[in-house]
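In what follows, a structure is listed as structure tokens, so that the remarks can point back to it.
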Amino acid sequence: MRNLSDTIARLAAYRAGPASKPAGQVPSRLSAFADFGSNPGALLARTYLPPRLQDGAALVVVLHGCTQTAAGYDHGAGWSTLAERHGFALLIPEQQRANNANLCFNWFEPGDIRRGQGEALSISQMVEAMTARHRLDRRRVFVTGLSAGGAMTTVMLATYPELFAGGAVIAGLPYGSAATIPEAFDRMRGHDLPGGERLQALLRGASSHEGPWPTLSVWHGSADRTVHPGNAAAIIEQWRSIQGLAVEPDVSEQVDGHRRRVWRSLEGRDLIEEYSIGGMGHGTPLADDGIGQPGPFMLRAGISSSQRIAGFWGLTPADAQIVQRGAAAAPVPAAEELVGARPGTPADVQPAPAGVRKIIEDALRSAGLMR
């Protein structure tokens, strides 16, 4: 655990960094989705339904990163373009500043990452309403996210594994790895990540599910200075263990100049894949293929994560040159932090003297993480 002065310094840097700047307006193809449930997490929901959506279509759930909006992330990652091209439905939950000053999903708040509570319950309600209202295939529901959205993706896969056939985590963190803001900063920098047995216990304790488990695609830039790449290894360890897979992958290859590793079932099915994007910083990898647009945390890397994730899930045809189941970008400064407290939520759950508590609260307010 970092000491108090280190945490306060990081909060001050957060306030001064690019992550505190609001995202600009971008063209949107998304529509509002209302009346999906009790919504205890107070999230918004946006959707895209391609023309002539067929009954039994797949559903992809996309979770944006901090400082981003549903429309902004879709514009950058190109998911609605893929949905139109390949005929699946799109659901993009959206955070509100009333919940988190920096529009981060609260991946480290205990009340938001447990089954039947908070933001996790809200997202599950959206999925249930979408599949019922539009007669989608419950066996083909997938979830992906970047950064805080990537961490929230592991939350959804852990707490509601029966809802999802697969997930894809981009620059995210393992489920249950942090429960306070100081812990969140530590885990982001690779400090004190839980070991394999603890990671598996956290995952098994998140639900009563006994399998089969969702497949998993993990993406991380090797030069990510916001979320340490060690988090990718921890995510794989958490899910490899519960799947009963060997430590060493079954496949190790180069795809578009980047390392891809695959863990397979005894029947030869790809259960976990990992992409390590050489030289890339913190963001979603893009290619010059017309899918998505470069911008903050949307990085040209010579490989399209959205395209290949859709291929891993079987949502694109085999002739789309996507890896089916069965050129590096320059690093960017560490800008986006994945934290932000609900208004009035203290940064540390441990009792503290009044003077120390005031210092922490002042730092949080200065950083825009607390009102």
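FYI, nothing fancy with the structure tokens labels: chains A, B, ... in order, residues from 1 per chain, ligands from 1 as they appear.
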
Quiz item: Do you know which residues are at most 9 Å from region 150-164 of chain A counting only C-alpha atoms, after dropping those on the same chain fewer than 2 positions away, and could you put them as a count of residues only?
Solution: 55

Quiz prompt | alpha helix (DSSP H) residues, from DSSP on the backbone, in region 47-218 of chain A, as a PyMOL selection string | solution = chain A and resi 70-77+79-86+118-133+148-159+181-188+196-204

Practice problem: Could you give me, as a list in words, the residues within 9 Å of Gly37 (chain A), counting only C-alpha atoms and dropping anything in the same chain fewer than 5 positions from it? | Solution: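 Everything that qualifies: Ser122, Gln125, Met126 and Ala129 of chain A.
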
Self-check item: Who sits within 8 Å of region 190-195 of chain A, only C-alpha atoms, same chain under 6 positions skipped, as a ChimeraX atom specification
Solution: /A:1,177,227-231,234

Once you have the residues from the selection above, write them out as a PDB file, in the first residue's frame, restricted to C-alpha atoms.
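New file part_33.pdb:
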```
ATOM      1  CA  MET A   1       0.000   0.000   0.000  1.00  0.00           C
ATOM      2  CA  SER A 177      -8.526  -6.520  -6.569  1.00  0.00           C
ATOM      3  CA  VAL A 227      -2.573   0.384 -15.642  1.00  0.00           C
ATOM      4  CA  HIS A 228       0.468  -1.818 -15.234  1.00  0.00           C
ATOM      5  CA  PRO A 229       0.552  -4.783 -17.667  1.00  0.00           C
ATOM      6  CA  GLY A 230       0.884  -7.070 -14.642  1.00  0.00           C
ATOM      7  CA  ASN A 231      -2.880  -6.680 -14.321  1.00  0.00           C
ATOM      8  CA  ALA A 234      -3.468 -11.361 -12.997  1.00  0.00           C
TER       9      ALA A 234
END
```

Practice problem: Could you check how far CA of Thr180 (chain A) sits from CA of Ile272 (chain A), in Å to one decimal? | Solution: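 Those two atoms sit 28.8 Å apart.
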
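Distance-wise, CA of Gly56 (chain A) and CA of Ala77 (chain A) end up 24.4 Å apart.
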
Quiz item: Can you list, as a ChimeraX atom specification, every residue of region 92-280 of chain A that DSSP puts in strand (DSSP E)?
Solution: /A:92-94,141-146,166-170,215-221,251-255,258-264,270-277

Quiz prompt | Length of the CA of Asn102 (chain A) to CA of Thr67 (chain A) vector [Å] | solution =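 Pair CA of Asn102 (chain A) / CA of Thr67 (chain A) returns 5.3 Å.
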
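In this comparison, which uses only C-alpha atoms, the residue of A:Ile236, A:Ile291, A:Gly268, A:Phe33 approaching Arg133 (chain A) most closely is A:Phe33.
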
Quiz prompt | 7 Å contact set for Trp263 (chain A), only C-alpha atoms, chain neighbours under 5 positions out, as number ranges by chain | solution = A: 245, 249-251, 270-273

Exercise. Go through A:Glu248, A:Ser38, A:Leu315, A:Pro110 and flag the residue nearest Ala57 (chain A), using only C-alpha atoms for the distances.
Key: A:Leu315
